[in-house]
Each structure stands twice: as C-alpha cells, then as structure tokens.
Amino acid sequence: MEVVIADEYTLAELAADAIEALLRTETAPVIGLATGSSPLRIYDELTTRHKNEGLSFAHAQAFMLDEYVGIADDHPQRYRNVIDAEIATRVDFAEGAVHGPEGSADDLAAASADYEHEIAEAGGIDLQILGIGSDGHIAFNEPGSSLASRTRVKSLTHQTRLDNARFFDGDVEQVPKLCLTQGLGTIMEAKHLVLVATGGNKAEAVHQMVEGPISAMWPATVLQMHPHVTVMLDDAAASRLQLGDYYRHAFENKPEWQSL
C-alpha cells in the first residue's frame, strides 16, 4: 500500500496522471468510477485534459461502485445521474460505455448477478477510484460486511445516511435506506485501487485502513491485502497516521521511473 500525502489539487493531478496513462496505453481500458466529494477534483482535472489536451475516453468502459435502491430514475442524487453530470457527459465516453448497478430492478438479486457478469465480460476493472466513509466503509460495504462479498443489496447505516444527507437538503429522511453495491471481493479484483480521502472527519477511518488490523468492523482494511493500492490523503485525513512522516519520506524519495 502506497500512501501519498499532499494538497487536494496535487492529489487530483496524480490520480488523473494514473488514469491518463491507462487511457493512453491500453486499447480497451476499464475504469471504476466513484461518487461523493472525494473524486470531484479528479473528474475536473480529467475533463480539463480532455478539452485541452485531447485525452479520449472513447475506447474505454466505466463501472460505477454502487446505486441507491428506491430512488426515482430522474432524481438528481441517483448515482447514475450524478456520474453523468460529474464525468460521463463531460468527456467522450461512447454510448453505453458507462455501466451501473440497476437499483430500480424488480429482482435486485438478479441485477446484482448481472452486474458481476458485466464486469467480468469487460475483462475486469483496470483502475478503481475509491472514497472512504467516516466509519470505514468503501462503496456501500458497511461495517460488518463480508470481506469476500460480491455485488448485492445492502442496508445503509444511520451514520452513512447522516453523512449523505448533505446531498438531500440536509434531510436524512430523504436518503434511501437500501442500495446495490459492489462487494469487497468484487472491488479487490480490480488491478489498481486509488483511494482518495480528505478532511479530518476521515482521519480515524484512514488510520484504521492503513495501520489497523484487518477487520470487517473497518471494511476498508481489506485493502491491506491488495497488491496495488494507492491511498491519497490531505494533511487532515492523514493526521492520525502513526507513520505519517515515513509515508511522506517514501513518496518524496520515490524513483522517477516508479509510477503510482
């Protein structure tokens, strides 16, 4: 696990560098997209490179991490609509190239299995963008989730709904109680995981993820078992790390030829 501690703009540039390298070197790249506040600067940077430098997504596919259940198709906080607004419609993805779990399906178990099949048919995800919740969840894998879990229906904790209420006019009662989410086992099959966390409210979750024991109580700790994880943090999110100085030293002295 590589830990990078920098300001938010530098983190966005580094993450965009990794995605650009994938887009420019692979004939059929597959990118995993996340919602929330953490990836927004990455999406802005990628959009700028698309407009100003001709970075193309036309040959790529993308897969979303999760989707609310029981939310109207035209709701602005439906994650498919959020992803469309934040990145998909701002660059040149081909029609049908951006996929998401079908949270409005009549048979949610079948929709979950279908989504797993779609990812496999695409050859798996090359680079997955991740955020982390204040309780250590990634995607919507809440504390207690199986570390081997696959795409499935999950109940959202009250804490997650409180955290997400800011997107629903501050009203937690408007936040759906169920979701479809990629499982931890699904996420762990991506070739490269890039997790971005900013703000002091993420500091304890980040500390547990990077330096704590692997436990379903902090689902993100499963990333310690992945061979290629880049954790990108600002100073506030990194403030609880016991080895923060070492992580800074390691990144500052990283060989130029070694990419993220």
# chains A, B, ... in the order shown; residues from 1 in each chain; ligands from 1
call {"tool": "residues_around", "arguments": {"residues": "A:Val194", "least_positions_apart": "6", "cutoff": "9 Å", "atoms": "only C-alpha atoms", "output": "PyMOL selection string"}}
result
chain A and resi 15+127-131+228-232
call {"tool": "write_last_selection", "arguments": {"atoms": "N, CA and C atoms", "output": "PDB file, in the first residue's frame"}}
result
ATOM      1  N   ALA A  15      -3.789  11.395  -9.440  1.00  0.00           N
ATOM      2  CA  ALA A  15      -4.787  10.385  -9.806  1.00  0.00           C
ATOM      3  C   ALA A  15      -5.122  10.480 -11.284  1.00  0.00           C
ATOM      4  N   LEU A 127      -8.498   0.183 -13.199  1.00  0.00           N
ATOM      5  CA  LEU A 127      -8.221   1.161 -12.136  1.00  0.00           C
ATOM      6  C   LEU A 127      -9.542   1.571 -11.515  1.00  0.00           C
ATOM      7  N   GLN A 128      -9.638   1.380 -10.216  1.00  0.00           N
ATOM      8  CA  GLN A 128     -10.859   1.700  -9.481  1.00  0.00           C
ATOM      9  C   GLN A 128     -10.624   2.889  -8.560  1.00  0.00           C
ATOM     10  N   ILE A 129     -11.391   3.956  -8.744  1.00  0.00           N
ATOM     11  CA  ILE A 129     -11.367   5.083  -7.825  1.00  0.00           C
ATOM     12  C   ILE A 129     -12.252   4.752  -6.625  1.00  0.00           C
ATOM     13  N   LEU A 130     -11.758   5.072  -5.428  1.00  0.00           N
ATOM     14  CA  LEU A 130     -12.498   4.803  -4.199  1.00  0.00           C
ATOM     15  C   LEU A 130     -12.478   6.023  -3.286  1.00  0.00           C
ATOM     16  N   GLY A 131     -13.509   6.151  -2.478  1.00  0.00           N
ATOM     17  CA  GLY A 131     -13.501   7.024  -1.317  1.00  0.00           C
ATOM     18  C   GLY A 131     -13.628   6.152  -0.085  1.00  0.00           C
ATOM     19  N   HIS A 228      -1.807  -3.705  -5.188  1.00  0.00           N
ATOM     20  CA  HIS A 228      -1.541  -2.398  -5.808  1.00  0.00           C
ATOM     21  C   HIS A 228      -2.609  -1.388  -5.385  1.00  0.00           C
ATOM     22  N   VAL A 229      -2.358  -0.756  -4.257  1.00  0.00           N
ATOM     23  CA  VAL A 229      -3.267   0.251  -3.710  1.00  0.00           C
ATOM     24  C   VAL A 229      -2.504   1.558  -3.536  1.00  0.00           C
ATOM     25  N   THR A 230      -3.085   2.646  -4.003  1.00  0.00           N
ATOM     26  CA  THR A 230      -2.547   3.981  -3.754  1.00  0.00           C
ATOM     27  C   THR A 230      -3.555   4.738  -2.911  1.00  0.00           C
ATOM     28  N   VAL A 231      -3.147   5.147  -1.717  1.00  0.00           N
ATOM     29  CA  VAL A 231      -4.004   5.905  -0.806  1.00  0.00           C
ATOM     30  C   VAL A 231      -3.564   7.358  -0.863  1.00  0.00           C
ATOM     31  N   MET A 232      -4.465   8.248  -1.271  1.00  0.00           N
ATOM     32  CA  MET A 232      -4.151   9.659  -1.455  1.00  0.00           C
ATOM     33  C   MET A 232      -4.872  10.480  -0.392  1.00  0.00           C
TER      34      MET A 232
END
call {"tool": "closest_residue", "arguments": {"among": "A:Arg248, A:Lys177, A:Arg150, A:His192", "to": "A:Tyr68", "atoms": "only C-alpha atoms"}}
result
A:Lys177
call {"tool": "residues_around", "arguments": {"residues": "A:Pro176", "least_positions_apart": "6", "cutoff": "8 Å", "atoms": "only C-alpha atoms", "output": "list of chain:residue names"}}
result
A:Tyr68, A:Val69, A:Gly70, A:Ile71, A:Leu156, A:Arg161
call {"tool": "select_by_dssp", "arguments": {"residues": "stretch 139-171 of chain A", "states": "helix (DSSP H, G or I)", "output": "count of residues only"}}
result
10
call {"tool": "residues_around", "arguments": {"residues": "A:Gln174", "least_positions_apart": "5", "cutoff": "10 Å", "atoms": "only C-alpha atoms", "output": "short mmCIF file (atom, residue, chain, number, x, y, z; two decimals) with C-alpha atoms, in the first residue's frame"}}
result
data_model
loop_
_atom_site.label_atom_id
_atom_site.label_comp_id
_atom_site.auth_asym_id
_atom_site.auth_seq_id
_atom_site.Cartn_x
_atom_site.Cartn_y
_atom_site.Cartn_z
CA ILE A 71 -34.93 6.43 -5.77
CA ARG A 161 -27.29 8.32 5.78
CA ASN A 164 -25.06 11.74 2.80
CA ALA A 165 -27.90 13.95 3.98
CA PHE A 167 -26.87 15.86 -0.78
CA PHE A 168 -30.57 15.69 0.18
CA ASP A 169 -31.12 19.20 1.55
#
call {"tool": "closest_residue", "arguments": {"among": "A:Val153, A:Ala113, A:Ile132, A:Leu243", "to": "A:Asn201", "atoms": "only C-alpha atoms"}}
result
A:Ile132
call {"tool": "residues_around", "arguments": {"residues": "A:Glu86", "least_positions_apart": "6", "cutoff": "9 Å", "atoms": "only C-alpha atoms", "output": "ChimeraX atom specification"}}
result
/A:35,40,43-44
call {"tool": "write_last_selection", "arguments": {"atoms": "all heavy atoms", "output": "compact mmCIF listing (two decimals), in the first residue's frame"}}
result
# COMPACT_ATOMS: atom_id res chain seq x y z
N THR A 35 -18.71 7.97 -6.61
CA THR A 35 -19.40 9.23 -6.34
C THR A 35 -18.88 9.81 -5.03
O THR A 35 -17.95 9.29 -4.43
CB THR A 35 -20.91 9.02 -6.27
OG1 THR A 35 -21.18 7.97 -5.33
CG2 THR A 35 -21.46 8.63 -7.63
N LEU A 40 -14.20 14.51 -6.99
CA LEU A 40 -14.66 15.61 -7.83
C LEU A 40 -13.51 16.34 -8.52
O LEU A 40 -13.59 16.68 -9.71
CB LEU A 40 -15.50 16.60 -7.02
CG LEU A 40 -16.85 16.06 -6.54
CD1 LEU A 40 -17.59 17.13 -5.74
CD2 LEU A 40 -17.70 15.59 -7.71
N TYR A 43 -12.21 14.32 -11.44
CA TYR A 43 -13.06 14.44 -12.62
C TYR A 43 -12.89 15.79 -13.30
O TYR A 43 -12.89 15.88 -14.54
CB TYR A 43 -14.52 14.21 -12.23
CG TYR A 43 -14.82 12.83 -11.68
CD1 TYR A 43 -15.87 12.63 -10.79
CD2 TYR A 43 -14.05 11.73 -12.04
CE1 TYR A 43 -16.15 11.36 -10.29
CE2 TYR A 43 -14.32 10.47 -11.53
CZ TYR A 43 -15.37 10.29 -10.65
OH TYR A 43 -15.64 9.04 -10.15
N ASP A 44 -12.72 16.84 -12.52
CA ASP A 44 -12.46 18.16 -13.11
C ASP A 44 -11.15 18.16 -13.89
O ASP A 44 -11.06 18.71 -15.00
CB ASP A 44 -12.42 19.23 -12.03
CG ASP A 44 -13.79 19.56 -11.45
OD1 ASP A 44 -14.81 19.20 -12.08
OD2 ASP A 44 -13.83 20.17 -10.37
call {"tool": "residues_around", "arguments": {"residues": "A:His59", "least_positions_apart": "6", "cutoff": "12 Å", "atoms": "only C-alpha atoms", "output": "list in words"}}
result
Leu22, Leu23, Arg24, Thr25, Glu26, Thr27, Ala28, Pro29, Val30, Ile31, Val91, Asp92, Phe93, Ala94, Glu95, Gly96, Ala97 and Val98 of chain A
call {"tool": "atom_distance", "arguments": {"atom1": "atom CA of A:Leu11", "atom2": "atom CA of A:Asn141"}}
result
24.3 Å
call {"tool": "closest_residue", "arguments": {"among": "A:Leu195, A:Val82, A:Gln77, A:Gly185", "to": "A:Ala12", "atoms": "only C-alpha atoms"}}
result
A:Leu195
call {"tool": "decode", "arguments": {"residues": "stretch 206-233 of chain A", "atoms": "N, CA, C and O atoms", "output": "PDB file, in the first residue's frame"}}
result
ATOM      1  N   VAL A 206      -9.087   6.399   8.068  1.00  0.00           N
ATOM      2  CA  VAL A 206      -7.836   6.242   7.321  1.00  0.00           C
ATOM      3  C   VAL A 206      -6.789   5.539   8.179  1.00  0.00           C
ATOM      4  O   VAL A 206      -6.078   4.636   7.706  1.00  0.00           O
ATOM      5  N   HIS A 207      -6.681   5.940   9.432  1.00  0.00           N
ATOM      6  CA  HIS A 207      -5.725   5.292  10.342  1.00  0.00           C
ATOM      7  C   HIS A 207      -6.004   3.802  10.449  1.00  0.00           C
ATOM      8  O   HIS A 207      -5.081   2.972  10.347  1.00  0.00           O
ATOM      9  N   GLN A 208      -7.265   3.440  10.637  1.00  0.00           N
ATOM     10  CA  GLN A 208      -7.605   2.027  10.735  1.00  0.00           C
ATOM     11  C   GLN A 208      -7.306   1.302   9.424  1.00  0.00           C
ATOM     12  O   GLN A 208      -6.764   0.189   9.431  1.00  0.00           O
ATOM     13  N   MET A 209      -7.655   1.911   8.288  1.00  0.00           N
ATOM     14  CA  MET A 209      -7.451   1.277   6.989  1.00  0.00           C
ATOM     15  C   MET A 209      -5.976   0.993   6.722  1.00  0.00           C
ATOM     16  O   MET A 209      -5.608  -0.093   6.250  1.00  0.00           O
ATOM     17  N   VAL A 210      -5.122   1.947   7.022  1.00  0.00           N
ATOM     18  CA  VAL A 210      -3.709   1.830   6.671  1.00  0.00           C
ATOM     19  C   VAL A 210      -2.917   1.082   7.736  1.00  0.00           C
ATOM     20  O   VAL A 210      -2.045   0.260   7.418  1.00  0.00           O
ATOM     21  N   GLU A 211      -3.217   1.336   9.004  1.00  0.00           N
ATOM     22  CA  GLU A 211      -2.349   0.845  10.078  1.00  0.00           C
ATOM     23  C   GLU A 211      -3.044  -0.085  11.069  1.00  0.00           C
ATOM     24  O   GLU A 211      -2.387  -0.649  11.945  1.00  0.00           O
ATOM     25  N   GLY A 212      -4.344  -0.252  10.957  1.00  0.00           N
ATOM     26  CA  GLY A 212      -5.061  -1.089  11.903  1.00  0.00           C
ATOM     27  C   GLY A 212      -5.117  -2.541  11.475  1.00  0.00           C
ATOM     28  O   GLY A 212      -4.688  -2.909  10.378  1.00  0.00           O
ATOM     29  N   PRO A 213      -5.656  -3.398  12.330  1.00  0.00           N
ATOM     30  CA  PRO A 213      -5.821  -4.808  11.969  1.00  0.00           C
ATOM     31  C   PRO A 213      -6.937  -4.962  10.940  1.00  0.00           C
ATOM     32  O   PRO A 213      -7.869  -4.154  10.891  1.00  0.00           O
ATOM     33  N   ILE A 214      -6.841  -5.989  10.111  1.00  0.00           N
ATOM     34  CA  ILE A 214      -7.871  -6.254   9.111  1.00  0.00           C
ATOM     35  C   ILE A 214      -9.114  -6.771   9.825  1.00  0.00           C
ATOM     36  O   ILE A 214      -9.057  -7.750  10.571  1.00  0.00           O
ATOM     37  N   SER A 215     -10.222  -6.094   9.608  1.00  0.00           N
ATOM     38  CA  SER A 215     -11.441  -6.426  10.333  1.00  0.00           C
ATOM     39  C   SER A 215     -12.658  -5.970   9.553  1.00  0.00           C
ATOM     40  O   SER A 215     -12.657  -4.888   8.955  1.00  0.00           O
ATOM     41  N   ALA A 216     -13.716  -6.775   9.599  1.00  0.00           N
ATOM     42  CA  ALA A 216     -14.976  -6.376   8.975  1.00  0.00           C
ATOM     43  C   ALA A 216     -15.585  -5.153   9.649  1.00  0.00           C
ATOM     44  O   ALA A 216     -16.427  -4.477   9.058  1.00  0.00           O
ATOM     45  N   MET A 217     -15.157  -4.831  10.865  1.00  0.00           N
ATOM     46  CA  MET A 217     -15.653  -3.630  11.533  1.00  0.00           C
ATOM     47  C   MET A 217     -15.145  -2.365  10.846  1.00  0.00           C
ATOM     48  O   MET A 217     -15.757  -1.308  10.962  1.00  0.00           O
ATOM     49  N   TRP A 218     -14.016  -2.465  10.154  1.00  0.00           N
ATOM     50  CA  TRP A 218     -13.491  -1.368   9.334  1.00  0.00           C
ATOM     51  C   TRP A 218     -13.266  -1.947   7.944  1.00  0.00           C
ATOM     52  O   TRP A 218     -12.176  -2.400   7.611  1.00  0.00           O
ATOM     53  N   PRO A 219     -14.307  -1.993   7.120  1.00  0.00           N
ATOM     54  CA  PRO A 219     -14.232  -2.728   5.853  1.00  0.00           C
ATOM     55  C   PRO A 219     -13.050  -2.351   4.965  1.00  0.00           C
ATOM     56  O   PRO A 219     -12.495  -3.212   4.276  1.00  0.00           O
ATOM     57  N   ALA A 220     -12.643  -1.087   4.979  1.00  0.00           N
ATOM     58  CA  ALA A 220     -11.550  -0.655   4.102  1.00  0.00           C
ATOM     59  C   ALA A 220     -10.220  -1.303   4.454  1.00  0.00           C
ATOM     60  O   ALA A 220      -9.289  -1.292   3.637  1.00  0.00           O
ATOM     61  N   THR A 221     -10.108  -1.904   5.641  1.00  0.00           N
ATOM     62  CA  THR A 221      -8.848  -2.555   5.999  1.00  0.00           C
ATOM     63  C   THR A 221      -8.526  -3.723   5.086  1.00  0.00           C
ATOM     64  O   THR A 221      -7.366  -4.138   4.994  1.00  0.00           O
ATOM     65  N   VAL A 222      -9.523  -4.249   4.374  1.00  0.00           N
ATOM     66  CA  VAL A 222      -9.262  -5.346   3.442  1.00  0.00           C
ATOM     67  C   VAL A 222      -8.279  -4.920   2.350  1.00  0.00           C
ATOM     68  O   VAL A 222      -7.581  -5.762   1.763  1.00  0.00           O
ATOM     69  N   LEU A 223      -8.170  -3.611   2.094  1.00  0.00           N
ATOM     70  CA  LEU A 223      -7.261  -3.130   1.053  1.00  0.00           C
ATOM     71  C   LEU A 223      -5.801  -3.425   1.383  1.00  0.00           C
ATOM     72  O   LEU A 223      -4.953  -3.427   0.485  1.00  0.00           O
ATOM     73  N   GLN A 224      -5.502  -3.692   2.647  1.00  0.00           N
ATOM     74  CA  GLN A 224      -4.137  -4.066   3.013  1.00  0.00           C
ATOM     75  C   GLN A 224      -3.698  -5.346   2.296  1.00  0.00           C
ATOM     76  O   GLN A 224      -2.495  -5.594   2.154  1.00  0.00           O
ATOM     77  N   MET A 225      -4.655  -6.138   1.845  1.00  0.00           N
ATOM     78  CA  MET A 225      -4.346  -7.411   1.188  1.00  0.00           C
ATOM     79  C   MET A 225      -4.222  -7.276  -0.323  1.00  0.00           C
ATOM     80  O   MET A 225      -3.935  -8.257  -0.999  1.00  0.00           O
ATOM     81  N   HIS A 226      -4.428  -6.076  -0.856  1.00  0.00           N
ATOM     82  CA  HIS A 226      -4.370  -5.884  -2.304  1.00  0.00           C
ATOM     83  C   HIS A 226      -2.939  -5.553  -2.723  1.00  0.00           C
ATOM     84  O   HIS A 226      -2.246  -4.794  -2.045  1.00  0.00           O
ATOM     85  N   PRO A 227      -2.462  -6.091  -3.856  1.00  0.00           N
ATOM     86  CA  PRO A 227      -1.066  -5.864  -4.254  1.00  0.00           C
ATOM     87  C   PRO A 227      -0.779  -4.481  -4.824  1.00  0.00           C
ATOM     88  O   PRO A 227       0.398  -4.106  -4.946  1.00  0.00           O
ATOM     89  N   HIS A 228      -1.807  -3.705  -5.188  1.00  0.00           N
ATOM     90  CA  HIS A 228      -1.541  -2.398  -5.808  1.00  0.00           C
ATOM     91  C   HIS A 228      -2.609  -1.388  -5.385  1.00  0.00           C
ATOM     92  O   HIS A 228      -3.621  -1.221  -6.046  1.00  0.00           O
ATOM     93  N   VAL A 229      -2.358  -0.756  -4.257  1.00  0.00           N
ATOM     94  CA  VAL A 229      -3.267   0.251  -3.710  1.00  0.00           C
ATOM     95  C   VAL A 229      -2.504   1.558  -3.536  1.00  0.00           C
ATOM     96  O   VAL A 229      -1.400   1.568  -2.982  1.00  0.00           O
ATOM     97  N   THR A 230      -3.085   2.646  -4.003  1.00  0.00           N
ATOM     98  CA  THR A 230      -2.547   3.981  -3.754  1.00  0.00           C
ATOM     99  C   THR A 230      -3.555   4.738  -2.911  1.00  0.00           C
ATOM    100  O   THR A 230      -4.696   4.938  -3.332  1.00  0.00           O
ATOM    101  N   VAL A 231      -3.147   5.147  -1.717  1.00  0.00           N
ATOM    102  CA  VAL A 231      -4.004   5.905  -0.806  1.00  0.00           C
ATOM    103  C   VAL A 231      -3.564   7.358  -0.863  1.00  0.00           C
ATOM    104  O   VAL A 231      -2.417   7.679  -0.542  1.00  0.00           O
ATOM    105  N   MET A 232      -4.465   8.248  -1.271  1.00  0.00           N
ATOM    106  CA  MET A 232      -4.151   9.659  -1.455  1.00  0.00           C
ATOM    107  C   MET A 232      -4.872  10.480  -0.392  1.00  0.00           C
ATOM    108  O   MET A 232      -6.107  10.461  -0.321  1.00  0.00           O
ATOM    109  N   LEU A 233      -4.096  11.233   0.417  1.00  0.00           N
ATOM    110  CA  LEU A 233      -4.637  11.914   1.580  1.00  0.00           C
ATOM    111  C   LEU A 233      -4.168  13.357   1.643  1.00  0.00           C
ATOM    112  O   LEU A 233      -3.026  13.664   1.265  1.00  0.00           O
TER     113      LEU A 233
END
